[in-house]
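**Q** See upload.cif below, with mmCIF, C-alpha atoms.
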data_coords
#
loop_
_atom_site.group_PDB
_atom_site.id
_atom_site.type_symbol
_atom_site.label_atom_id
_atom_site.label_comp_id
_atom_site.auth_asym_id
_atom_site.auth_seq_id
_atom_site.Cartn_x
_atom_site.Cartn_y
_atom_site.Cartn_z
ATOM 1 C CA MET S 1 139.566 190.716 69.647
ATOM 2 C CA VAL S 2 140.622 189.134 66.397
ATOM 3 C CA LYS S 3 141.790 185.579 66.736
ATOM 4 C CA SER S 4 143.232 183.133 64.262
ATOM 5 C CA ASN S 5 141.124 180.078 63.468
ATOM 6 C CA ALA S 6 143.434 177.892 65.522
ATOM 7 C CA ALA S 7 143.285 180.159 68.555
ATOM 8 C CA ARG S 8 139.522 180.376 68.215
ATOM 9 C CA LEU S 9 139.198 176.602 68.088
ATOM 10 C CA ASP S 10 141.408 176.325 71.157
ATOM 11 C CA SER S 11 139.294 178.752 73.107
ATOM 12 C CA VAL S 12 136.129 176.866 72.113
ATOM 13 C CA PHE S 13 137.617 173.549 73.260
ATOM 14 C CA HIS S 14 138.829 175.201 76.438
ATOM 15 C CA ALA S 15 135.364 176.623 77.066
ATOM 16 C CA LEU S 16 133.816 173.195 76.503
ATOM 17 C CA SER S 17 136.308 171.398 78.725
ATOM 18 C CA ASP S 18 134.377 172.292 81.867
ATOM 19 C CA SER S 19 131.070 170.630 82.709
ATOM 20 C CA THR S 20 129.583 173.748 84.348
ATOM 21 C CA ARG S 21 130.248 175.760 81.219
ATOM 22 C CA ARG S 22 128.769 173.048 79.016
ATOM 23 C CA SER S 23 125.748 172.984 81.252
ATOM 24 C CA ILE S 24 125.398 176.780 81.059
ATOM 25 C CA LEU S 25 125.459 176.563 77.271
ATOM 26 C CA ARG S 26 122.717 173.932 77.339
ATOM 27 C CA ASP S 27 120.685 176.119 79.691
ATOM 28 C CA ILE S 28 120.636 179.012 77.259
ATOM 29 C CA THR S 29 120.008 176.937 74.134
ATOM 30 C CA ALA S 30 116.251 177.312 74.266
ATOM 31 C CA ARG S 31 116.141 180.957 75.273
ATOM 32 C CA GLU S 32 118.276 183.825 76.490
ATOM 33 C CA LYS S 33 118.597 184.236 80.242
ATOM 34 C CA THR S 34 119.746 186.767 82.783
ATOM 35 C CA VAL S 35 122.985 186.148 84.672
ATOM 36 C CA GLY S 36 120.932 185.573 87.821
ATOM 37 C CA GLU S 37 118.799 182.916 86.121
ATOM 38 C CA ILE S 38 121.918 181.212 84.808
ATOM 39 C CA ALA S 39 123.575 181.150 88.242
ATOM 40 C CA LYS S 40 120.520 179.766 90.080
ATOM 41 C CA PRO S 41 120.977 175.991 89.503
ATOM 42 C CA TYR S 42 124.650 176.019 90.499
ATOM 43 C CA ARG S 43 126.093 175.926 93.979
ATOM 44 C CA ILE S 44 128.779 178.410 93.114
ATOM 45 C CA SER S 45 129.147 182.116 93.713
ATOM 46 C CA LEU S 46 127.931 184.717 91.247
ATOM 47 C CA ALA S 47 131.580 185.693 90.844
ATOM 48 C CA ALA S 48 132.455 182.158 89.807
ATOM 49 C CA VAL S 49 129.576 182.101 87.334
ATOM 50 C CA SER S 50 130.812 185.394 85.989
ATOM 51 C CA LYS S 51 134.263 183.854 85.429
ATOM 52 C CA HIS S 52 132.705 181.005 83.486
ATOM 53 C CA LEU S 53 130.726 183.491 81.411
ATOM 54 C CA LYS S 54 133.929 185.378 80.630
ATOM 55 C CA VAL S 55 135.518 182.179 79.330
ATOM 56 C CA LEU S 56 132.445 181.491 77.195
ATOM 57 C CA GLU S 57 132.462 185.076 75.988
ATOM 58 C CA SER S 58 136.120 184.920 75.065
ATOM 59 C CA ALA S 59 135.340 181.849 72.950
ATOM 60 C CA GLU S 60 132.524 183.923 71.421
ATOM 61 C CA LEU S 61 130.032 181.253 72.413
ATOM 62 C CA ILE S 62 127.792 183.743 74.175
ATOM 63 C CA ALA S 63 126.833 187.350 73.709
ATOM 64 C CA ARG S 64 125.883 189.615 76.611
ATOM 65 C CA GLU S 65 123.562 192.552 76.454
ATOM 66 C CA ARG S 66 122.594 194.996 79.167
ATOM 67 C CA ARG S 67 118.860 195.644 79.487
ATOM 68 C CA GLY S 68 118.106 198.088 82.263
ATOM 69 C CA SER S 69 119.536 196.558 85.399
ATOM 70 C CA PHE S 70 119.726 193.071 83.859
ATOM 71 C CA GLN S 71 122.415 191.420 81.848
ATOM 72 C CA ILE S 72 120.982 189.126 79.213
ATOM 73 C CA VAL S 73 123.070 186.213 77.995
ATOM 74 C CA ARG S 74 122.436 184.667 74.623
ATOM 75 C CA LEU S 75 123.962 181.618 72.910
ATOM 76 C CA ASN S 76 126.098 182.207 69.852
ATOM 77 C CA PRO S 77 126.401 178.721 68.338
ATOM 78 C CA ALA S 78 128.512 179.582 65.265
ATOM 79 C CA PRO S 79 131.969 178.962 66.834
ATOM 80 C CA LEU S 80 130.876 175.462 67.881
ATOM 81 C CA ARG S 81 130.890 174.347 64.306
ATOM 82 C CA PRO S 82 134.652 174.058 63.674
ATOM 83 C CA ALA S 83 134.983 172.199 66.973
ATOM 84 C CA GLU S 84 132.230 169.811 65.937
ATOM 85 C CA GLU S 85 133.897 169.352 62.554
ATOM 86 C CA TRP S 86 137.193 168.583 64.248
ATOM 87 C CA LEU S 87 135.579 165.958 66.464
ATOM 88 C CA ALA S 88 133.602 164.593 63.517
ATOM 89 C CA TYR S 89 136.851 164.259 61.614
ATOM 90 C CA TYR S 90 138.391 162.159 64.345
ATOM 91 C CA GLN S 91 135.188 160.178 64.749
ATOM 92 C CA LYS S 92 135.320 159.317 61.064
ATOM 93 C CA PHE S 93 139.043 158.698 61.138
ATOM 94 C CA TRP S 94 138.852 156.222 64.044
ATOM 95 C CA GLU S 95 135.736 154.500 62.711
ATOM 96 C CA ARG S 96 137.645 153.828 59.522
ATOM 97 C CA GLN S 97 140.718 152.662 61.404
ATOM 98 C CA LEU S 98 138.612 150.294 63.492
ATOM 99 C CA ASP S 99 136.878 149.026 60.329
ATOM 100 C CA ALA S 100 140.307 148.246 58.930
ATOM 101 C CA LEU S 101 141.435 146.566 62.155
ATOM 102 C CA GLN S 102 138.252 144.510 62.325
ATOM 103 C CA HIS S 103 138.582 143.519 58.692
ATOM 104 C CA PHE S 104 142.193 142.494 59.228
ATOM 105 C CA LEU S 105 141.612 140.478 62.402
ATOM 106 C CA GLU S 106 138.312 138.877 61.450
ATOM 107 C CA GLY S 107 139.738 137.982 58.045
ATOM 108 C CA GLU S 108 142.503 136.176 59.908
ATOM 109 C CA GLU S 109 139.923 134.300 61.989
ATOM 110 C CA ASP S 110 137.988 133.252 58.883
ATOM 111 C CA GLU S 111 141.225 132.039 57.342
ATOM 112 C CA ARG S 112 142.000 130.037 60.476
ATOM 113 C CA ALA S 113 138.502 128.496 60.490
ATOM 114 C CA ARG S 114 138.818 127.552 56.823
ATOM 115 C CA SER S 115 142.205 125.953 57.234
ATOM 116 C CA SER S 116 141.135 123.987 60.311
ATOM 117 C CA ALA S 117 138.027 122.842 58.402
ATOM 118 C CA ARG S 118 140.323 121.732 55.592
ATOM 119 C CA ALA S 119 142.473 119.904 58.130
ATOM 120 C CA ARG S 120 139.401 118.090 59.503
ATOM 121 C CA ASN S 121 137.985 117.201 56.070
ATOM 122 C CA PRO S 122 140.947 116.760 53.783
ATOM 123 C CA MET T 1 143.021 185.614 92.793
ATOM 124 C CA SER T 2 140.456 184.145 95.161
ATOM 125 C CA GLU T 3 137.794 184.326 92.448
ATOM 126 C CA HIS T 4 140.141 182.614 90.085
ATOM 127 C CA ALA T 5 140.787 179.924 92.674
ATOM 128 C CA ALA T 6 137.045 179.439 93.083
ATOM 129 C CA VAL T 7 136.639 178.757 89.383
ATOM 130 C CA GLN T 8 139.649 176.477 89.430
ATOM 131 C CA GLU T 9 138.009 174.404 92.142
ATOM 132 C CA GLN T 10 134.898 174.112 90.049
ATOM 133 C CA GLU T 11 136.856 173.054 86.972
ATOM 134 C CA THR T 12 135.953 169.424 86.678
ATOM 135 C CA ARG T 13 138.693 168.658 84.156
ATOM 136 C CA GLU T 14 136.142 166.620 82.357
ATOM 137 C CA ASP T 15 137.362 166.995 78.845
ATOM 138 C CA VAL T 16 135.623 166.956 75.520
ATOM 139 C CA LYS T 17 135.946 163.316 74.621
ATOM 140 C CA LEU T 18 135.303 161.058 71.709
ATOM 141 C CA GLU T 19 134.452 157.428 72.447
ATOM 142 C CA ILE T 20 134.015 154.530 70.063
ATOM 143 C CA ARG T 21 133.196 150.943 71.043
ATOM 144 C CA ARG T 22 133.746 147.929 68.862
ATOM 145 C CA VAL T 23 133.428 144.194 69.213
ATOM 146 C CA ILE T 24 136.054 142.346 67.224
ATOM 147 C CA LYS T 25 135.905 138.601 66.715
ATOM 148 C CA ALA T 26 139.484 137.887 67.678
ATOM 149 C CA ARG T 27 141.441 137.024 70.779
ATOM 150 C CA ARG T 28 142.216 139.909 73.112
ATOM 151 C CA SER T 29 145.980 139.317 72.930
ATOM 152 C CA ARG T 30 145.757 139.442 69.131
ATOM 153 C CA VAL T 31 143.817 142.728 69.164
ATOM 154 C CA PHE T 32 146.333 144.245 71.573
ATOM 155 C CA ALA T 33 149.250 143.014 69.462
ATOM 156 C CA SER T 34 147.703 144.582 66.375
ATOM 157 C CA TRP T 35 148.139 147.995 67.987
ATOM 158 C CA THR T 36 151.600 147.432 69.379
ATOM 159 C CA THR T 37 153.564 145.239 66.960
ATOM 160 C CA PRO T 38 154.988 147.039 63.913
ATOM 161 C CA GLU T 39 154.583 144.011 61.612
ATOM 162 C CA LEU T 40 150.886 143.854 62.460
ATOM 163 C CA MET T 41 150.380 147.640 62.405
ATOM 164 C CA GLN T 42 151.743 147.544 58.857
ATOM 165 C CA ARG T 43 148.839 145.357 57.820
ATOM 166 C CA TRP T 44 145.863 147.469 58.803
ATOM 167 C CA PHE T 45 146.801 150.989 59.858
ATOM 168 C CA ALA T 46 146.571 152.622 56.435
ATOM 169 C CA PRO T 47 143.138 153.523 55.054
ATOM 170 C CA SER T 48 142.182 151.759 51.824
ATOM 171 C CA GLY T 49 144.076 153.022 48.825
ATOM 172 C CA MET T 50 147.004 153.989 51.033
ATOM 173 C CA ARG T 51 149.828 151.973 52.509
ATOM 174 C CA VAL T 52 151.885 151.949 55.677
ATOM 175 C CA ALA T 53 155.378 152.933 54.563
ATOM 176 C CA SER T 54 156.904 152.293 57.974
ATOM 177 C CA ALA T 55 155.803 151.523 61.515
ATOM 178 C CA SER T 56 157.762 151.433 64.736
ATOM 179 C CA ALA T 57 156.726 150.896 68.337
ATOM 180 C CA ASP T 58 158.940 151.171 71.384
ATOM 181 C CA LEU T 59 156.450 149.626 73.764
ATOM 182 C CA ARG T 60 157.338 151.080 77.168
ATOM 183 C CA ILE T 61 156.132 154.110 79.098
ATOM 184 C CA GLY T 62 157.616 157.149 77.380
ATOM 185 C CA GLY T 63 158.625 155.036 74.371
ATOM 186 C CA GLU T 64 157.676 156.302 70.922
ATOM 187 C CA TYR T 65 155.570 154.886 68.157
ATOM 188 C CA ARG T 66 155.444 156.210 64.641
ATOM 189 C CA VAL T 67 153.409 155.198 61.631
ATOM 190 C CA GLU T 68 154.089 156.680 58.233
ATOM 191 C CA ILE T 69 151.243 156.357 55.768
ATOM 192 C CA ARG T 70 151.619 157.054 52.068
ATOM 193 C CA GLY T 71 148.929 157.845 49.557
ATOM 194 C CA VAL T 72 148.935 157.236 45.821
ATOM 195 C CA ASP T 73 150.686 160.502 45.008
ATOM 196 C CA ASP T 74 153.197 159.793 47.788
ATOM 197 C CA ALA T 75 151.497 162.263 50.134
ATOM 198 C CA VAL T 76 152.755 161.370 53.608
ATOM 199 C CA TYR T 77 150.707 161.287 56.760
ATOM 200 C CA ILE T 78 152.494 160.629 60.022
ATOM 201 C CA ALA T 79 150.909 159.469 63.235
ATOM 202 C CA ALA T 80 153.315 159.571 66.159
ATOM 203 C CA GLY T 81 153.449 159.915 69.904
ATOM 204 C CA VAL T 82 154.590 158.307 73.125
ATOM 205 C CA TYR T 83 153.088 155.604 75.282
ATOM 206 C CA ARG T 84 151.609 156.835 78.535
ATOM 207 C CA LYS T 85 150.059 153.704 80.028
ATOM 208 C CA ILE T 86 150.595 150.086 79.128
ATOM 209 C CA VAL T 87 148.764 147.180 80.703
ATOM 210 C CA PRO T 88 149.385 144.263 78.342
ATOM 211 C CA ASN T 89 146.170 143.015 76.713
ATOM 212 C CA GLU T 90 144.070 145.372 78.855
ATOM 213 C CA LEU T 91 144.881 149.014 78.360
ATOM 214 C CA LEU T 92 147.002 151.133 76.090
ATOM 215 C CA SER T 93 147.252 154.899 76.242
ATOM 216 C CA PHE T 94 149.362 157.037 73.952
ATOM 217 C CA THR T 95 149.688 160.629 72.887
ATOM 218 C CA TRP T 96 148.602 161.431 69.377
ATOM 219 C CA ASN T 97 150.548 164.075 67.508
ATOM 220 C CA ASN T 98 149.725 164.828 63.980
ATOM 221 C CA ALA T 99 152.842 166.082 62.324
ATOM 222 C CA CYS T 100 150.561 168.587 60.623
ATOM 223 C CA ASP T 101 149.075 170.177 63.716
ATOM 224 C CA GLN T 102 152.037 171.439 65.591
ATOM 225 C CA GLY T 103 151.953 171.683 69.314
ATOM 226 C CA LYS T 104 148.664 169.857 69.592
ATOM 227 C CA GLU T 105 148.976 166.719 71.618
ATOM 228 C CA THR T 106 145.862 164.734 72.229
ATOM 229 C CA LEU T 107 145.498 161.441 74.065
ATOM 230 C CA VAL T 108 144.179 158.143 72.764
ATOM 231 C CA THR T 109 143.251 155.352 75.176
ATOM 232 C CA LEU T 110 142.312 151.817 74.204
ATOM 233 C CA LYS T 111 140.621 149.399 76.578
ATOM 234 C CA PHE T 112 140.441 145.703 75.761
ATOM 235 C CA ARG T 113 137.943 143.351 77.389
ATOM 236 C CA ASP T 114 137.035 139.701 76.835
ATOM 237 C CA LEU T 115 133.561 138.970 75.570
ATOM 238 C CA GLU T 116 132.061 135.585 74.776
ATOM 239 C CA ASN T 117 132.324 136.175 71.064
ATOM 240 C CA GLY T 118 135.529 138.157 70.891
ATOM 241 C CA THR T 119 137.094 141.300 72.274
ATOM 242 C CA GLU T 120 135.462 144.555 73.197
ATOM 243 C CA LEU T 121 137.608 147.508 72.220
ATOM 244 C CA ILE T 122 136.821 150.967 73.560
ATOM 245 C CA LEU T 123 138.743 153.829 72.036
ATOM 246 C CA THR T 124 138.667 157.278 73.579
ATOM 247 C CA HIS T 125 140.339 160.344 72.157
ATOM 248 C CA GLU T 126 140.542 163.374 74.403
ATOM 249 C CA HIS T 127 142.492 166.435 75.602
ATOM 250 C CA PHE T 128 141.489 168.492 72.617
ATOM 251 C CA SER T 129 141.723 171.548 74.823
ATOM 252 C CA SER T 130 144.975 170.750 76.594
ATOM 253 C CA ALA T 131 147.440 172.414 74.304
ATOM 254 C CA ASP T 132 148.816 175.871 74.855
ATOM 255 C CA ALA T 133 146.992 178.150 72.486
ATOM 256 C CA ALA T 134 149.907 180.548 72.246
ATOM 257 C CA ALA T 135 152.164 177.851 70.825
ATOM 258 C CA ARG T 136 149.835 177.136 67.968
ATOM 259 C CA HIS T 137 149.905 178.140 64.330
ATOM 260 C CA GLU T 138 146.960 178.513 62.078
ATOM 261 C CA ARG T 139 148.536 176.502 59.289
ATOM 262 C CA GLY T 140 148.544 173.561 61.644
ATOM 263 C CA TRP T 141 144.816 173.172 61.603
ATOM 264 C CA ASN T 142 144.447 174.016 57.955
ATOM 265 C CA GLY T 143 147.107 171.469 57.047
ATOM 266 C CA CYS T 144 145.292 168.827 59.041
ATOM 267 C CA LEU T 145 141.947 169.544 57.531
ATOM 268 C CA ASP T 146 143.548 169.048 54.124
ATOM 269 C CA LYS T 147 145.050 165.731 55.250
ATOM 270 C CA LEU T 148 141.647 164.786 56.531
ATOM 271 C CA GLU T 149 140.223 164.936 53.041
ATOM 272 C CA GLU T 150 143.104 162.868 51.716
ATOM 273 C CA LEU T 151 142.584 160.294 54.442
ATOM 274 C CA SER T 152 138.869 159.988 53.827
ATOM 275 C CA PRO T 153 138.621 159.657 50.067
ATOM 276 C CA GLU T 154 135.334 157.764 50.184
ATOM 277 C CA ALA T 155 133.811 159.756 52.978
ATOM 278 C CA SER T 156 132.726 162.845 51.077
#
Would you mind writing the file out in structure tokens?
**A**
Amino acid sequence: MVKSNAARLDSVFHALSDSTRRSILRDITAREKTVGEIAKPYRISLAAVSKHLKVLESAELIARERRGSFQIVRLNPAPLRPAEEWLAYYQKFWERQLDALQHFLEGEEDERARSSARARNP
Amino acid sequence: MSEHAAVQEQETREDVKLEIRRVIKARRSRVFASWTTPELMQRWFAPSGMRVASASADLRIGGEYRVEIRGVDDAVYIAAGVYRKIVPNELLSFTWNNACDQGKETLVTLKFRDLENGTELILTHEHFSSADAAARHERGWNGCLDKLEELSPEAS
């Protein structure tokens, strides 16, 4: 399915908005796993795991491959990048805003300290 | 349907979240006012090299705020949204709509706490995945990424 960049970013954020799915992604970072191996640590049904995998697949974060009777799941990290960039943008944006706020407020405090010092020692 | 319900139950709704903590050497009431009083917002909200052209804040639940920032070439960047939670001097939560990314509404929450040497401010920005994908346009994101560069002239 061809998706626009915006729709792709949405599906990545949607995929990442669930802790089980994030955990599944972490689990397959080091190496590919079978669906059974992925499901093992979770107290949810195989069907539920399969739903999560479908969401991850639709965000193109994983690729599945059938090998004999096993389904192998592999991480596809590329779509994470725009999401990371988007978060990094906001990180940078807010850091700068807070720098500006801090500068503004602490400048005020310095000014206050100076003027009260002047008042004490005219 | 039942399978779907099963996944729904497992959905923890724990969103992708950005969190930044700062300690500011100023009184808590002053830090809170800096976010909620237009005259004070005017004085710090624009990144260096830019200026706040106008700021308004209707500080009540559902009330709107709007900050218009102008760059040197008069490029306009608008931050706007509505207040969701207001606990004076303690907590402020508001939606964050970039005029450039249509349909995307994220949530910013500020928590203010007294420390010995000032005020602890914790900012979280979340709900990046809350918007309806179908309502979105590609130019939204592209437009924002352009604005991003304009807003961070020294960052690159």
**Q** Have a look at CA of Arg66 (chain S) and CA of Thr34 (chain S) and let me know their distance in Å, one decimal.
**A**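 Value for the CA of Arg66 (chain S)-CA of Thr34 (chain S) distance: 9.4 Å.
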**Q** Pick out the residues sitting within 10 Å of Glu57 (chain S), and hand them over as a PyMOL selection string; count only C-alpha atoms, and ignore anything fewer than 3 positions along from it in its own chain.
**A** chain S and resi 11-12+15+51-54+60-64+73+75-76
**Q** Please identify all residues of chain S having at least one atom at most 8 Å from any atom of chain T, considering all atoms listed in the file, and return them as a PyMOL selection string.
**A** chain S and resi 4-7+10-11+13-14+16-20+47-48+51-52+87+89+91+93-98+100-102+104-106+109
**Q** By how many Å are CA of Pro82 (chain S) and CA of Asp99 (chain S) apart?
**A**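 Taking CA of Pro82 (chain S) and CA of Asp99 (chain S), their separation equals 25.4 Å.
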**Q** Could you state the separation of CA of Asp58 (chain T) and CA of Lys111 (chain T) in Å, given to one decimal place?
**A**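 Separation of CA of Asp58 (chain T) and CA of Lys111 (chain T): 19.1 Å.
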**Q** Restricting the calculation to only C-alpha atoms, which member of T:Asp114, T:Ala80, T:Asp74, T:Phe94 is positioned closest to Ile61 (chain T)?
**A** T:Phe94
**Q** For a quick check of understanding, using all atoms listed in the file, which of T:Leu115, T:Leu92, T:Leu110, T:Val82 has the smallest distance to Ala57 (chain T)?
**A** T:Val82
**Q** List the neighbours of Met50 (chain T) out to 8 Å using only C-alpha atoms; skip same-chain residues closer than 4 positions along the sequence, and give me the result as a PyMOL selection string.
**A** chain T and resi 46+69-72
**Q** Pick from T:Asn89, T:Pro38, T:Phe32, T:Ala79: nearest to Thr106 (chain T), with all atoms listed in the file counted?
**A**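 Closest candidate: T:Ala79.
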**Q** Which residues, protein or nucleic acid, reach to within 12 Å of (121.5, 181.9, 88.4) in the file's coordinates when using all atoms listed in the file, and can you give that as a PDB file with C-alpha atoms, in the frame of the given file?
**A**
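Output file point02.pdb is given in full below:
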ATOM      1  CA  ILE S  24     125.398 176.780  81.059  1.00  0.00           C
ATOM      2  CA  ASP S  27     120.685 176.119  79.691  1.00  0.00           C
ATOM      3  CA  ILE S  28     120.636 179.012  77.259  1.00  0.00           C
ATOM      4  CA  LYS S  33     118.597 184.236  80.242  1.00  0.00           C
ATOM      5  CA  THR S  34     119.746 186.767  82.783  1.00  0.00           C
ATOM      6  CA  VAL S  35     122.985 186.148  84.672  1.00  0.00           C
ATOM      7  CA  GLY S  36     120.932 185.573  87.821  1.00  0.00           C
ATOM      8  CA  GLU S  37     118.799 182.916  86.121  1.00  0.00           C
ATOM      9  CA  ILE S  38     121.918 181.212  84.808  1.00  0.00           C
ATOM     10  CA  ALA S  39     123.575 181.150  88.242  1.00  0.00           C
ATOM     11  CA  LYS S  40     120.520 179.766  90.080  1.00  0.00           C
ATOM     12  CA  PRO S  41     120.977 175.991  89.503  1.00  0.00           C
ATOM     13  CA  TYR S  42     124.650 176.019  90.499  1.00  0.00           C
ATOM     14  CA  ARG S  43     126.093 175.926  93.979  1.00  0.00           C
ATOM     15  CA  ILE S  44     128.779 178.410  93.114  1.00  0.00           C
ATOM     16  CA  SER S  45     129.147 182.116  93.713  1.00  0.00           C
ATOM     17  CA  LEU S  46     127.931 184.717  91.247  1.00  0.00           C
ATOM     18  CA  ALA S  47     131.580 185.693  90.844  1.00  0.00           C
ATOM     19  CA  ALA S  48     132.455 182.158  89.807  1.00  0.00           C
ATOM     20  CA  VAL S  49     129.576 182.101  87.334  1.00  0.00           C
ATOM     21  CA  SER S  50     130.812 185.394  85.989  1.00  0.00           C
ATOM     22  CA  LEU S  53     130.726 183.491  81.411  1.00  0.00           C
ATOM     23  CA  GLN S  71     122.415 191.420  81.848  1.00  0.00           C
ATOM     24  CA  ILE S  72     120.982 189.126  79.213  1.00  0.00           C
ATOM     25  CA  VAL S  73     123.070 186.213  77.995  1.00  0.00           C
TER      26      VAL S  73
END
